[in-house]
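K.L.:
Handing over protein_37.csv, CSV, C-alpha atoms and all ligand atoms.
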chain,number,residue,atom,x,y,z
A,1,MET,CA,23.3,17.0,-6.2
A,2,ALA,CA,22.3,16.9,-2.5
A,3,TRP,CA,18.6,17.3,-1.7
A,4,SER,CA,17.4,20.7,-0.6
A,5,PRO,CA,14.2,21.5,1.3
A,6,ASP,CA,13.8,24.7,-0.8
A,7,LYS,CA,13.6,22.8,-4.1
A,8,THR,CA,11.0,20.3,-5.1
A,9,GLU,CA,12.4,17.1,-6.7
A,10,VAL,CA,10.6,13.8,-7.2
A,11,LYS,CA,12.9,10.8,-6.9
A,12,SER,CA,12.7,7.5,-5.1
A,13,TRP,CA,14.0,4.1,-6.3
A,14,ASN,CA,13.5,1.9,-3.3
A,15,GLU,CA,11.9,1.4,0.1
A,16,TRP,CA,14.9,2.2,2.3
A,17,ASP,CA,17.2,5.0,1.2
A,18,THR,CA,17.1,8.2,3.3
A,19,LEU,CA,13.6,9.7,3.1
A,20,ARG,CA,13.5,13.4,2.5
A,21,HIS,CA,10.0,14.2,1.2
A,22,VAL,CA,6.8,12.3,1.7
A,23,ILE,CA,3.0,12.5,1.4
A,24,VAL,CA,1.0,11.6,4.6
A,25,GLY,CA,-2.7,10.9,4.0
A,26,ARG,CA,-5.7,12.5,5.7
A,27,ALA,CA,-8.7,10.8,7.3
A,28,ASP,CA,-11.1,13.7,6.2
A,29,ASP,CA,-14.5,12.5,5.0
A,30,CYS,CA,-13.5,8.8,4.8
A,31,HIS,CA,-16.4,6.5,4.0
A,32,ILE,CA,-17.1,2.8,4.4
A,33,PRO,CA,-18.2,2.3,0.9
A,34,PRO,CA,-21.3,0.3,-0.1
A,35,GLU,CA,-20.9,-3.4,-1.2
A,36,GLU,CA,-19.1,-4.0,-4.4
A,37,PRO,CA,-17.4,-7.2,-5.7
A,38,ALA,CA,-13.7,-6.6,-5.0
A,39,LEU,CA,-14.3,-5.0,-1.6
A,40,GLU,CA,-16.6,-7.8,-0.4
A,41,ALA,CA,-14.0,-10.4,-1.2
A,42,LYS,CA,-11.5,-8.7,1.1
A,43,VAL,CA,-13.8,-8.4,4.1
A,44,PRO,CA,-13.5,-11.4,6.4
A,45,GLU,CA,-16.7,-13.4,7.0
A,46,ASP,CA,-16.7,-12.5,10.8
A,47,SER,CA,-15.7,-8.8,10.3
A,48,ASP,CA,-17.7,-6.0,11.9
A,49,MET,CA,-17.5,-4.2,8.5
A,50,ARG,CA,-20.0,-6.6,6.9
A,51,GLY,CA,-23.3,-5.0,6.0
A,52,GLN,CA,-22.2,-1.5,7.0
A,53,TRP,CA,-21.6,1.5,4.9
A,54,GLY,CA,-21.6,5.3,5.2
A,55,ARG,CA,-19.5,8.1,6.4
A,56,ARG,CA,-17.2,7.0,9.2
A,57,PRO,CA,-18.1,8.4,12.7
A,58,GLN,CA,-16.8,11.9,13.1
A,59,GLU,CA,-15.0,11.2,16.4
A,60,THR,CA,-13.0,8.4,14.6
A,61,ILE,CA,-12.1,10.7,11.7
A,62,ASP,CA,-11.0,13.4,14.2
A,63,ARG,CA,-8.9,10.9,16.2
A,64,ALA,CA,-7.3,9.5,13.0
A,65,ASN,CA,-6.5,13.0,11.8
A,66,GLU,CA,-4.9,13.9,15.1
A,67,LEU,CA,-2.6,10.8,14.8
A,68,LEU,CA,-1.8,11.5,11.2
A,69,ASP,CA,-1.0,15.2,12.0
A,70,ASN,CA,1.2,14.1,14.9
A,71,PHE,CA,3.0,11.6,12.6
A,72,ALA,CA,3.6,14.3,10.0
A,73,ASP,CA,5.0,16.6,12.7
A,74,GLN,CA,7.3,13.8,14.0
A,75,LEU,CA,8.7,13.4,10.5
A,76,ARG,CA,9.1,17.2,10.0
A,77,LYS,CA,11.0,17.4,13.3
A,78,ARG,CA,13.4,14.8,11.8
A,79,GLY,CA,13.9,17.1,8.8
A,80,VAL,CA,11.6,15.3,6.4
A,81,ARG,CA,9.4,17.6,4.2
A,82,VAL,CA,5.7,16.4,4.5
A,83,ASP,CA,2.9,17.3,2.1
A,84,ARG,CA,-0.8,16.5,2.7
A,85,PRO,CA,-3.5,15.7,0.1
A,86,THR,CA,-6.7,17.8,-0.4
A,87,SER,CA,-9.8,15.7,0.3
A,88,ILE,CA,-12.5,15.6,-2.3
A,89,ASP,CA,-16.1,15.0,-1.2
A,90,HIS,CA,-16.2,11.2,-0.8
A,91,SER,CA,-19.9,11.1,-0.1
A,92,GLN,CA,-20.4,11.8,-3.8
A,93,PRO,CA,-21.5,8.7,-5.8
A,94,ALA,CA,-19.1,7.6,-8.5
A,95,THR,CA,-20.7,7.0,-11.8
A,96,THR,CA,-19.1,6.2,-15.2
A,97,PRO,CA,-20.8,4.7,-18.3
A,98,ASP,CA,-19.9,1.3,-16.9
A,99,PHE,CA,-20.7,1.3,-13.2
A,100,HIS,CA,-22.2,3.2,-10.3
A,101,THR,CA,-21.4,3.1,-6.6
A,102,ASP,CA,-23.1,5.2,-4.0
A,103,SER,CA,-20.0,6.6,-2.3
A,104,GLN,CA,-16.3,6.7,-2.4
A,105,PHE,CA,-13.5,5.7,0.0
A,106,GLY,CA,-11.3,8.5,1.3
A,107,CYS,CA,-7.9,10.1,1.0
A,108,MET,CA,-6.2,7.4,2.9
A,109,PRO,CA,-4.0,5.6,2.2
A,110,PRO,CA,-1.8,7.3,-0.5
A,111,ARG,CA,0.5,4.3,-0.9
A,112,ASP,CA,-2.4,2.4,-2.5
A,113,VAL,CA,-2.8,5.0,-5.3
A,114,LEU,CA,0.6,6.5,-6.0
A,115,LEU,CA,3.6,4.5,-7.2
A,116,THR,CA,6.9,6.5,-7.2
A,117,VAL,CA,9.5,5.0,-9.4
A,118,GLY,CA,12.5,7.3,-9.9
A,119,HIS,CA,11.4,10.6,-11.2
A,120,GLU,CA,7.9,9.4,-11.9
A,121,ILE,CA,4.7,9.2,-9.8
A,122,LEU,CA,2.2,6.8,-11.4
A,123,GLU,CA,-1.4,6.8,-10.5
A,124,ALA,CA,-2.5,3.1,-10.3
A,125,THR,CA,-5.6,1.8,-12.1
A,126,MET,CA,-7.1,0.8,-8.8
A,127,SER,CA,-9.5,-2.2,-8.7
A,128,TYR,CA,-12.4,-1.1,-6.4
A,129,ARG,CA,-15.1,1.1,-8.0
A,130,CYS,CA,-15.2,3.2,-4.9
A,131,ARG,CA,-11.6,4.1,-5.4
A,132,TRP,CA,-11.8,5.0,-9.1
A,133,PHE,CA,-11.6,8.7,-8.5
A,134,GLU,CA,-9.2,8.6,-5.5
A,135,TYR,CA,-6.3,10.1,-7.5
A,136,LEU,CA,-8.2,13.4,-7.4
A,137,ASN,CA,-7.2,13.9,-3.7
A,138,TYR,CA,-3.6,14.0,-4.9
A,139,ARG,CA,-3.9,16.1,-8.0
A,140,PRO,CA,-3.2,19.4,-6.3
A,141,LEU,CA,0.2,18.0,-5.1
A,142,MET,CA,0.9,16.4,-8.5
A,143,GLN,CA,0.2,19.7,-10.2
A,144,GLN,CA,2.5,21.5,-7.8
A,145,TYR,CA,5.3,19.0,-8.3
A,146,TRP,CA,4.8,19.3,-12.1
A,147,ASP,CA,5.2,23.1,-11.8
A,148,GLU,CA,8.2,23.0,-9.5
A,149,ASP,CA,10.2,20.0,-10.8
A,150,PRO,CA,11.0,20.1,-14.6
A,151,ASN,CA,12.1,16.4,-14.4
A,152,PHE,CA,8.9,15.2,-12.7
A,153,ARG,CA,7.0,12.6,-14.8
A,154,HIS,CA,3.3,12.5,-13.8
A,155,GLU,CA,1.7,9.4,-15.2
A,156,ALA,CA,-1.6,7.7,-14.9
A,157,ALA,CA,-2.3,4.1,-15.8
A,158,PRO,CA,-5.3,3.5,-18.1
A,159,LYS,CA,-8.5,3.8,-16.1
A,160,PRO,CA,-10.2,0.4,-16.0
A,161,ARG,CA,-13.9,-0.1,-16.9
A,162,LEU,CA,-14.6,-2.2,-13.8
A,163,THR,CA,-17.7,-3.8,-15.2
A,164,ASP,CA,-18.9,-7.1,-13.7
A,165,ALA,CA,-16.6,-8.9,-16.1
A,166,ASP,CA,-13.7,-7.8,-13.9
A,167,TYR,CA,-14.8,-10.0,-11.0
A,168,HIS,CA,-15.3,-13.7,-10.5
A,169,PRO,CA,-18.9,-14.2,-9.2
A,170,ASP,CA,-17.7,-17.2,-7.1
A,171,TYR,CA,-16.2,-14.8,-4.6
A,172,LEU,CA,-19.5,-12.9,-4.0
A,173,SER,CA,-20.7,-14.8,-1.0
A,174,ASP,CA,-20.2,-14.0,2.7
A,175,LYS,CA,-20.0,-17.8,3.5
A,176,ILE,CA,-17.0,-18.9,1.5
A,177,GLY,CA,-14.9,-19.7,4.6
A,178,VAL,CA,-11.2,-19.4,5.2
A,179,GLU,CA,-10.3,-22.9,4.0
A,180,LYS,CA,-11.8,-22.4,0.6
A,181,ARG,CA,-10.2,-19.0,0.3
A,182,LEU,CA,-6.8,-20.4,1.1
A,183,GLN,CA,-7.3,-23.1,-1.5
A,184,TRP,CA,-8.2,-20.5,-4.1
A,185,THR,CA,-5.2,-18.3,-3.1
A,186,ALA,CA,-2.9,-21.3,-3.5
A,187,GLU,CA,-4.5,-21.9,-7.0
A,188,LYS,CA,-4.1,-18.2,-7.8
A,189,PHE,CA,-7.8,-17.9,-8.3
A,190,PHE,CA,-8.6,-14.4,-7.1
A,191,VAL,CA,-11.7,-12.2,-7.2
A,192,THR,CA,-10.4,-10.2,-10.1
A,193,THR,CA,-10.4,-11.6,-13.6
A,194,GLU,CA,-8.0,-11.0,-16.5
A,195,GLU,CA,-10.5,-8.8,-18.3
A,196,GLU,CA,-8.2,-5.7,-18.3
A,197,PRO,CA,-5.1,-4.5,-16.5
A,198,LEU,CA,-5.7,-3.9,-12.8
A,199,PHE,CA,-3.2,-2.9,-10.1
A,200,ASP,CA,-3.1,-1.0,-6.8
A,201,ALA,CA,0.2,0.7,-6.2
A,202,ALA,CA,0.5,-0.9,-2.8
A,203,ASP,CA,1.1,-4.3,-4.5
A,204,VAL,CA,4.4,-3.1,-5.7
A,205,LEU,CA,7.7,-3.0,-3.8
A,206,ARG,CA,10.7,-1.1,-5.3
A,207,PHE,CA,14.2,-2.6,-5.2
A,208,GLY,CA,16.1,-0.2,-7.6
A,209,ARG,CA,16.1,-1.9,-11.0
A,210,ASP,CA,13.7,-4.6,-9.7
A,211,LEU,CA,10.0,-4.2,-9.0
A,212,VAL,CA,8.4,-7.0,-7.0
A,213,VAL,CA,4.6,-7.2,-7.5
A,214,GLN,CA,2.0,-9.3,-5.6
A,215,HIS,CA,-0.6,-11.1,-7.8
A,216,GLY,CA,-3.8,-11.1,-5.8
A,217,PHE,CA,-7.2,-9.6,-5.4
A,218,THR,CA,-6.2,-6.0,-6.3
A,219,THR,CA,-3.5,-6.7,-9.0
A,220,ASN,CA,-4.0,-9.2,-11.8
A,221,LEU,CA,-1.5,-10.6,-14.3
A,222,LYS,CA,-2.5,-8.1,-17.0
A,223,GLY,CA,-1.8,-5.3,-14.4
A,224,ILE,CA,1.7,-6.8,-13.8
A,225,GLU,CA,2.3,-7.1,-17.6
A,226,TRP,CA,1.2,-3.4,-18.0
A,227,LEU,CA,3.8,-2.4,-15.4
A,228,ARG,CA,6.4,-4.5,-17.2
A,229,ARG,CA,5.7,-2.7,-20.5
A,230,HIS,CA,5.5,0.7,-18.8
A,231,PHE,CA,8.9,0.3,-17.0
A,232,PRO,CA,11.0,-1.2,-19.8
A,233,ASP,CA,14.3,-0.5,-17.9
A,234,HIS,CA,13.1,-2.5,-14.9
A,235,ARG,CA,12.8,-6.2,-14.2
A,236,VAL,CA,9.3,-6.9,-12.9
A,237,HIS,CA,8.8,-10.0,-10.7
A,238,THR,CA,5.5,-11.6,-9.9
A,239,VAL,CA,5.1,-13.0,-6.4
A,240,ASN,CA,2.3,-14.9,-4.5
A,241,PHE,CA,1.8,-15.5,-0.9
A,242,PRO,CA,-0.3,-18.7,-0.6
A,243,GLY,CA,-1.0,-18.3,3.2
A,244,ASP,CA,-3.0,-15.2,2.8
A,245,PRO,CA,-6.8,-15.7,2.4
A,246,TYR,CA,-7.4,-12.0,1.5
A,247,PRO,CA,-4.4,-11.1,-0.6
A,248,ILE,CA,-4.4,-7.4,-1.2
A,249,HIS,CA,-1.4,-5.1,-0.9
A,250,ILE,CA,2.1,-6.5,-0.3
A,251,ASP,CA,3.1,-4.2,2.6
A,252,ALA,CA,1.9,-6.3,5.6
A,253,THR,CA,3.4,-9.4,4.0
A,254,PHE,CA,6.9,-8.6,2.6
A,255,THR,CA,8.9,-5.7,4.1
A,256,PRO,CA,12.4,-4.8,2.8
A,257,LEU,CA,14.4,-3.0,5.5
A,258,ARG,CA,17.7,-2.4,3.8
A,259,PRO,CA,19.8,-4.0,1.0
A,260,GLY,CA,20.1,-7.7,1.9
A,261,LEU,CA,17.3,-7.9,4.4
A,262,ILE,CA,13.5,-8.5,4.1
A,263,LEU,CA,10.9,-9.3,6.7
A,264,ASN,CA,8.3,-11.9,5.6
A,265,ASN,CA,4.9,-12.5,7.3
A,266,PRO,CA,5.4,-16.0,8.8
A,267,GLN,CA,1.8,-16.9,7.9
A,268,ARG,CA,2.3,-15.8,4.3
A,269,ARG,CA,5.8,-17.1,3.3
A,270,LEU,CA,7.2,-16.5,-0.1
A,271,PRO,CA,7.2,-19.9,-1.9
A,272,GLU,CA,10.6,-21.6,-2.3
A,273,GLU,CA,10.4,-21.3,-6.1
A,274,GLN,CA,10.1,-17.5,-5.9
A,275,ARG,CA,13.1,-17.0,-3.6
A,276,GLY,CA,15.8,-17.6,-6.2
A,277,MET,CA,16.7,-14.0,-7.0
A,278,PHE,CA,17.0,-13.1,-3.3
A,279,GLU,CA,19.0,-16.3,-2.4
A,280,ARG,CA,21.4,-16.0,-5.3
A,281,ASN,CA,22.2,-12.4,-4.2
A,282,GLY,CA,22.7,-13.2,-0.5
A,283,TRP,CA,19.5,-11.5,0.7
A,284,GLU,CA,18.1,-12.8,4.0
A,285,ILE,CA,14.3,-13.3,4.3
A,286,LEU,CA,13.4,-13.3,8.0
A,287,ASP,CA,10.1,-14.1,9.6
A,288,ALA,CA,8.6,-11.0,11.1
A,289,ALA,CA,7.8,-10.8,14.8
A,290,GLN,CA,4.2,-11.6,15.9
A,291,PRO,CA,1.7,-8.7,16.0
A,292,ALA,CA,1.0,-7.4,19.5
A,293,HIS,CA,-2.7,-7.6,19.0
A,294,ASN,CA,-5.1,-10.5,18.5
A,295,THR,CA,-7.6,-8.5,16.5
A,296,PRO,CA,-7.6,-5.4,14.3
A,297,PRO,CA,-9.3,-2.3,15.7
A,298,PRO,CA,-13.0,-1.7,15.0
A,299,LEU,CA,-14.2,-1.1,11.4
A,300,CYS,CA,-10.8,-2.0,10.0
A,301,TYR,CA,-10.2,-3.7,6.7
A,302,SER,CA,-6.7,-4.8,7.5
A,303,SER,CA,-5.3,-7.7,9.4
A,304,THR,CA,-3.2,-7.6,12.7
A,305,TRP,CA,-0.2,-7.8,10.4
A,306,LEU,CA,-0.1,-4.0,10.1
A,307,SER,CA,2.5,-4.6,12.8
A,308,MET,CA,5.0,-5.1,10.0
A,309,ASN,CA,3.7,-2.2,7.9
A,310,VAL,CA,6.6,0.0,8.9
A,311,LEU,CA,8.1,3.1,7.3
A,312,VAL,CA,11.9,2.9,6.8
A,313,LEU,CA,13.5,6.4,7.2
A,314,ASP,CA,17.0,5.2,6.2
A,315,PRO,CA,18.7,1.8,6.4
A,316,LYS,CA,19.3,2.2,10.1
A,317,THR,CA,16.1,3.9,11.2
A,318,VAL,CA,12.5,2.7,11.1
A,319,CYS,CA,9.1,4.0,12.2
A,320,VAL,CA,7.1,1.3,14.0
A,321,GLU,CA,3.6,1.6,15.5
A,322,LYS,CA,3.9,2.4,19.2
A,323,SER,CA,1.9,-0.6,20.5
A,324,GLU,CA,3.7,-3.1,18.2
A,325,VAL,CA,6.2,-4.0,20.9
A,326,TYR,CA,7.4,-7.3,19.4
A,327,GLN,CA,8.0,-5.8,16.0
A,328,ALA,CA,10.0,-2.9,17.7
A,329,GLU,CA,12.0,-5.4,19.7
A,330,GLN,CA,12.9,-7.3,16.5
A,331,MET,CA,14.0,-4.1,14.7
A,332,ASP,CA,16.1,-3.2,17.7
A,333,LYS,CA,17.8,-6.6,17.6
A,334,LEU,CA,18.4,-6.1,13.9
A,335,GLY,CA,20.4,-3.0,14.8
A,336,MET,CA,17.8,-0.4,13.7
A,337,GLU,CA,16.9,2.7,15.6
A,338,VAL,CA,13.1,2.5,16.2
A,339,VAL,CA,11.0,5.6,16.0
A,340,GLU,CA,7.7,4.9,17.8
A,341,VAL,CA,4.6,6.3,16.2
A,342,ASP,CA,1.1,6.2,17.7
A,343,LEU,CA,-1.2,5.2,14.8
A,344,ARG,CA,-3.3,2.3,15.8
A,345,ASP,CA,-6.5,4.4,16.0
A,346,ALA,CA,-6.0,5.4,12.4
A,347,TYR,CA,-5.5,1.8,11.1
A,348,ALA,CA,-9.2,1.5,10.2
A,349,PHE,CA,-8.7,4.3,7.6
A,350,GLY,CA,-6.7,2.0,5.4
A,351,GLY,CA,-3.5,0.8,7.0
A,352,GLY,CA,-0.3,1.5,8.9
A,353,LEU,CA,2.8,3.6,8.6
A,354,HIS,CA,3.8,2.5,5.2
A,355,CYS,CA,0.3,2.6,3.8
A,356,CYS,CA,-0.5,6.1,5.0
A,357,THR,CA,2.5,7.6,3.3
A,358,ALA,CA,3.8,7.8,-0.3
A,359,ASP,CA,7.4,8.6,-1.2
A,360,VAL,CA,8.3,11.8,-3.0
A,361,TYR,CA,12.1,11.8,-2.5
A,362,ARG,CA,14.7,9.5,-1.2
A,363,ASP,CA,18.4,9.8,-1.6
A,364,GLY,CA,20.2,7.3,-3.8
A,365,ASP,CA,20.0,6.2,-7.4
A,366,CYS,CA,18.7,3.3,-9.3
A,367,GLU,CA,20.9,0.4,-8.3
A,368,ASP,CA,21.0,-3.2,-9.4
A,369,TYR,CA,20.7,-5.4,-6.2
A,370,PHE,CA,20.1,-8.6,-8.1
A,371,PRO,CA,22.8,-8.7,-10.9
B,1,LIG,N1,-3.1,-7.6,3.1
B,1,LIG,C1,-3.0,-6.7,4.0
B,1,LIG,C2,-3.2,-5.2,3.8
B,1,LIG,C3,-2.3,-4.5,4.6
B,1,LIG,C4,-1.8,-3.2,4.1
B,1,LIG,C5,-3.6,-7.1,5.4
B,1,LIG,O1,-2.8,-7.9,6.0
B,1,LIG,O2,-4.7,-6.8,5.8
Can you give me the file's structure in the form of structure tokens?

P.N.:
Amino acid sequence: MAWSPDKTEVKSWNEWDTLRHVIVGRADDCHIPPEEPALEAKVPEDSDMRGQWGRRPQETIDRANELLDNFADQLRKRGVRVDRPTSIDHSQPATTPDFHTDSQFGCMPPRDVLLTVGHEILEATMSYRCRWFEYLNYRPLMQQYWDEDPNFRHEAAPKPRLTDADYHPDYLSDKIGVEKRLQWTAEKFFVTTEEEPLFDAADVLRFGRDLVVQHGFTTNLKGIEWLRRHFPDHRVHTVNFPGDPYPIHIDATFTPLRPGLILNNPQRRLPEEQRGMFERNGWEILDAAQPAHNTPPPLCYSSTWLSMNVLVLDPKTVCVEKSEVYQAEQMDKLGMEVVEVDLRDAYAFGGGLHCCTADVYRDGDCEDYFP
């Protein structure tokens, strides 16, 4: 049955079918959290984030909210239903019997927390202590979907304990250096251990029957095995990107645009031995265009490769950040209509256009693209 704006239905099997209903994050009350093992490993040695923590400056929160609101309006004007989370108080410390941290993170970006697979939205375990309670920002929406869609499956992965045993102490220095990090990434030695299953939702890409999951700082092998057991009707593939010294979240590294076409970050190429399923099925893996910027904006965790963190609206239409002119040009050459979205001043809140959204409904069914 065709999608109707008057009826809530949760369903999304991939990253490209026509988007009808989406969640867009909010910058409200976002914090730079205090030091903790997994977060420190992600912050580059020369980053302006080192040694800082506390509530983000109000003018940056207001500016990011303005951009996120505008993005939500742009989507609405194109007929997409947009929901927004309800921010909790992120200044509150998070304490469990196993850990304590003095503040939380924010209600951005939803893609990190919520994994939509078919009729299910799964809350990820998360791997940072400051993000342990982040799912609470989305609970009002999850409850609403539960009430309105009798087929909605609301699931939560087992909350991890996140004791010190979850993190390799080798990573807890601010002087490791990029060369060492690249060596460790190539050896698949990451900050997280295999103590218990850990994954962030943004390490997962959905290709119908296949889920492609990045093994890195925020997702360990037990997390991937947990996903495999949780989705028994899917094939779950583990991928690594050895060129990335800070491997968290796959969506500035590997970006499917439509059946048969993926953009890959040219500094973080998928190794030859992991390309088989794509090559055998005639998929093209293209190098993404260069970012338009040499540095991320101030107080930003992400790299300049948020250029390729695009939101596909349908296989012929893609949202690209307005200043990312090289990425837009490449999309144009690939035959896609480009929707320009001004978001760069919100990057610091956790990412780009893919990050700041989470799918609720896309047309289409669960297809097998890799028979
Ligand atoms: N690994 C990423 C995160 C982006 C969503 C980066 O390039 O910073």

K.L.:
Using all atoms listed in the file, which residues sit within 12 Å of A:Asp46 once same-chain residues fewer than 5 positions away are excluded, as number ranges by chain?

P.N.:
A: 51, 174-178, 295, 299, 301

K.L.:
If you measure from atom CA of A:Asn14 to atom CA of A:Ile262, what distance in Å do you get, rounded to one decimal?

P.N.:
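If I compute the distance from atom CA of A:Asn14 to atom CA of A:Ile262, I get 12.8 Å.
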
K.L.:
Find, counting all atoms listed in the file, the residue in A:Asp62, A:Asp147, A:Asp200, A:Glu9 that gets nearest to ligand LIG 1 (chain B).

P.N.:
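Of A:Asp62, A:Asp147, A:Asp200, A:Glu9, the one nearest ligand LIG 1 (chain B) is A:Asp200, counting all atoms listed in the file.
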
K.L.:
From the options A:Ile224, A:Cys107, A:Val341, A:Val43, which residue's atoms come nearest to ligand LIG 1 (chain B), counting only C-alpha atoms and all ligand atoms?

P.N.:
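For ligand LIG 1 (chain B), the nearest of the given residues is A:Val43.
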
K.L.:
Residues of chain A that approach ligand LIG 1 (chain B) to 8 Å or less, counting all atoms listed in the file: could you list each one with the shortest pair of atoms and its distance in Å to one decimal, rows by chain and increasing residue number, as CSV?

P.N.:
residue,atom,partner,partner_atom,distance
A:Ala202,CA,B:LIG1,C4,7.6
A:Asp244,CA,B:LIG1,N1,7.6
A:Tyr246,CA,B:LIG1,N1,6.4
A:Pro247,CA,B:LIG1,N1,5.3
A:Ile248,CA,B:LIG1,N1,4.5
A:His249,CA,B:LIG1,N1,5.0
A:Ile250,CA,B:LIG1,N1,6.3
A:Asp251,CA,B:LIG1,C4,5.2
A:Ala252,CA,B:LIG1,C3,4.7
A:Thr253,CA,B:LIG1,O1,6.7
A:Tyr301,CA,B:LIG1,O2,6.4
A:Ser302,CA,B:LIG1,O2,3.3
A:Ser303,CA,B:LIG1,O2,3.8
A:Thr304,CA,B:LIG1,O1,6.7
A:Trp305,CA,B:LIG1,O1,5.1
A:Leu306,CA,B:LIG1,C3,5.9
A:Asn309,CA,B:LIG1,C4,6.8
A:Gly350,CA,B:LIG1,C4,7.3
A:Gly351,CA,B:LIG1,C4,5.2
A:Gly352,CA,B:LIG1,C4,6.9
A:Cys355,CA,B:LIG1,C4,6.2

K.L.:
Would you output that residue set with C-alpha atoms, as an mmCIF file, in the coordinates of the input?

P.N.:
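Output file out-v3.cif follows:
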data_model
loop_
_atom_site.group_PDB
_atom_site.id
_atom_site.type_symbol
_atom_site.label_atom_id
_atom_site.label_comp_id
_atom_site.auth_asym_id
_atom_site.auth_seq_id
_atom_site.Cartn_x
_atom_site.Cartn_y
_atom_site.Cartn_z
ATOM 1 C CA ALA A 202 0.500 -0.900 -2.800
ATOM 2 C CA ASP A 244 -3.000 -15.200 2.800
ATOM 3 C CA TYR A 246 -7.400 -12.000 1.500
ATOM 4 C CA PRO A 247 -4.400 -11.100 -0.600
ATOM 5 C CA ILE A 248 -4.400 -7.400 -1.200
ATOM 6 C CA HIS A 249 -1.400 -5.100 -0.900
ATOM 7 C CA ILE A 250 2.100 -6.500 -0.300
ATOM 8 C CA ASP A 251 3.100 -4.200 2.600
ATOM 9 C CA ALA A 252 1.900 -6.300 5.600
ATOM 10 C CA THR A 253 3.400 -9.400 4.000
ATOM 11 C CA TYR A 301 -10.200 -3.700 6.700
ATOM 12 C CA SER A 302 -6.700 -4.800 7.500
ATOM 13 C CA SER A 303 -5.300 -7.700 9.400
ATOM 14 C CA THR A 304 -3.200 -7.600 12.700
ATOM 15 C CA TRP A 305 -0.200 -7.800 10.400
ATOM 16 C CA LEU A 306 -0.100 -4.000 10.100
ATOM 17 C CA ASN A 309 3.700 -2.200 7.900
ATOM 18 C CA GLY A 350 -6.700 2.000 5.400
ATOM 19 C CA GLY A 351 -3.500 0.800 7.000
ATOM 20 C CA GLY A 352 -0.300 1.500 8.900
ATOM 21 C CA CYS A 355 0.300 2.600 3.800
#

K.L.:
Identify which of the residues A:Glu36, A:Asp210, A:Asp28, A:Glu337 lies closest to A:Pro232, counting all atoms listed in the file when measuring atom-to-atom distances.

P.N.:
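Comparing A:Glu36, A:Asp210, A:Asp28, A:Glu337 against A:Pro232, the winner is A:Asp210.
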
K.L.:
Write out as a Markdown table a residue-level contact list of stretch 95-193 of chain A versus stretch 73-84 of chain A with cut-off 10 Å: for each qualifying residue the closest pair of atoms and the distance in Å to one decimal, counting all atoms listed in the file, rows sorted by chain and residue number upward.

P.N.:
| residue | atom | partner | partner_atom | distance |
| --- | --- | --- | --- | --- |
| A:Cys107 | CA | A:Arg84 | CA | 9.7 |
| A:Pro110 | CA | A:Arg84 | CA | 9.8 |
| A:Asn137 | CA | A:Arg84 | CA | 9.4 |
| A:Tyr138 | CA | A:Arg84 | CA | 8.5 |
| A:Pro140 | CA | A:Arg84 | CA | 9.8 |
| A:Leu141 | CA | A:Asp83 | CA | 7.7 |

K.L.:
Contacts of A:Leu227 at 9 Å or less, counting all atoms listed in the file, minus same-chain residues fewer than 5 places along, as an mmCIF file with C-alpha atoms, in the coordinates of the input?

P.N.:
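Output file part-v2.cif is given in full below:
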data_model
loop_
_atom_site.group_PDB
_atom_site.id
_atom_site.type_symbol
_atom_site.label_atom_id
_atom_site.label_comp_id
_atom_site.auth_asym_id
_atom_site.auth_seq_id
_atom_site.Cartn_x
_atom_site.Cartn_y
_atom_site.Cartn_z
ATOM 1 C CA ALA A 157 -2.300 4.100 -15.800
ATOM 2 C CA PHE A 199 -3.200 -2.900 -10.100
ATOM 3 C CA LYS A 222 -2.500 -8.100 -17.000
ATOM 4 C CA PRO A 232 11.000 -1.200 -19.800
ATOM 5 C CA VAL A 236 9.300 -6.900 -12.900
#

K.L.:
Could you check which of A:Met49, A:Leu122, A:Met308, A:Leu343 is closest to A:Lys322, using all atoms listed in the file?

P.N.:
A:Leu343

K.L.:
Would you mind listing what lies within 10 Å of A:Gln274 as a VMD selection string, with only C-alpha atoms counted and same-chain residues fewer than 2 positions away left out?

P.N.:
chain A and resid 237 to 241 270 to 272 276 to 279

K.L.:
Mind giving me the straight-line distance from atom CA of A:Leu261 to atom CA of A:Phe190 in Å, one decimal?

P.N.:
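Atom-to-atom, atom CA of A:Leu261 and atom CA of A:Phe190 are spaced 29.1 Å apart.
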
K.L.:
Which of these residues is nearest to A:Val339, using all atoms listed in the file: A:Phe71, A:Pro97, A:Arg362, A:His234?

P.N.:
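Of the candidates, the smallest distance to A:Val339 is held by A:Phe71.
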
K.L.:
For each of A:Pro315, A:Gly223, A:Pro371, A:Pro298, take the minimum atom-to-atom distance to A:Arg50, counting all atoms listed in the file, then give the residue where this is smallest.

P.N.:
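Residue with the minimum atom-to-atom distance to A:Arg50: A:Pro298.
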
K.L.:
Using all atoms listed in the file, can you list as an MDAnalysis selection string the residues within 12 Å of (-13.5, 1.6, -6.5)?

P.N.:
chainID A and resid 31:40 90 93:96 99:106 112:113 124:135 159:163 166 198:200 218

K.L.:
Might you pull out every residue within 7 Å of A:Val117, with only C-alpha atoms counted and same-chain residues fewer than 4 positions away left off, and present them as an MDAnalysis selection string?

P.N.:
chainID A and resid 12:13 121

K.L.:
As an exercise, work out the distance from atom CA of A:Arg139 to atom CA of A:Arg229 in Å and give it to one decimal place.

P.N.:
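If I compute the distance from atom CA of A:Arg139 to atom CA of A:Arg229, I get 24.5 Å.
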
K.L.:
Taking 2 positions as the minimum chain separation for residues in the same chain, which residues sit within 10 Å of A:Phe370 when counting only C-alpha atoms? Answer as a PyMOL selection string.

P.N.:
chain A and resi 207-210+235+277-283+367-368

K.L.:
Taking (-6.6, -2.4, 17.7) in the file's coordinates, which residues come within 9 Å, counting only C-alpha atoms, written as a ChimeraX atom specification?

P.N.:
/A:293-298,300,304,344-345,347-348
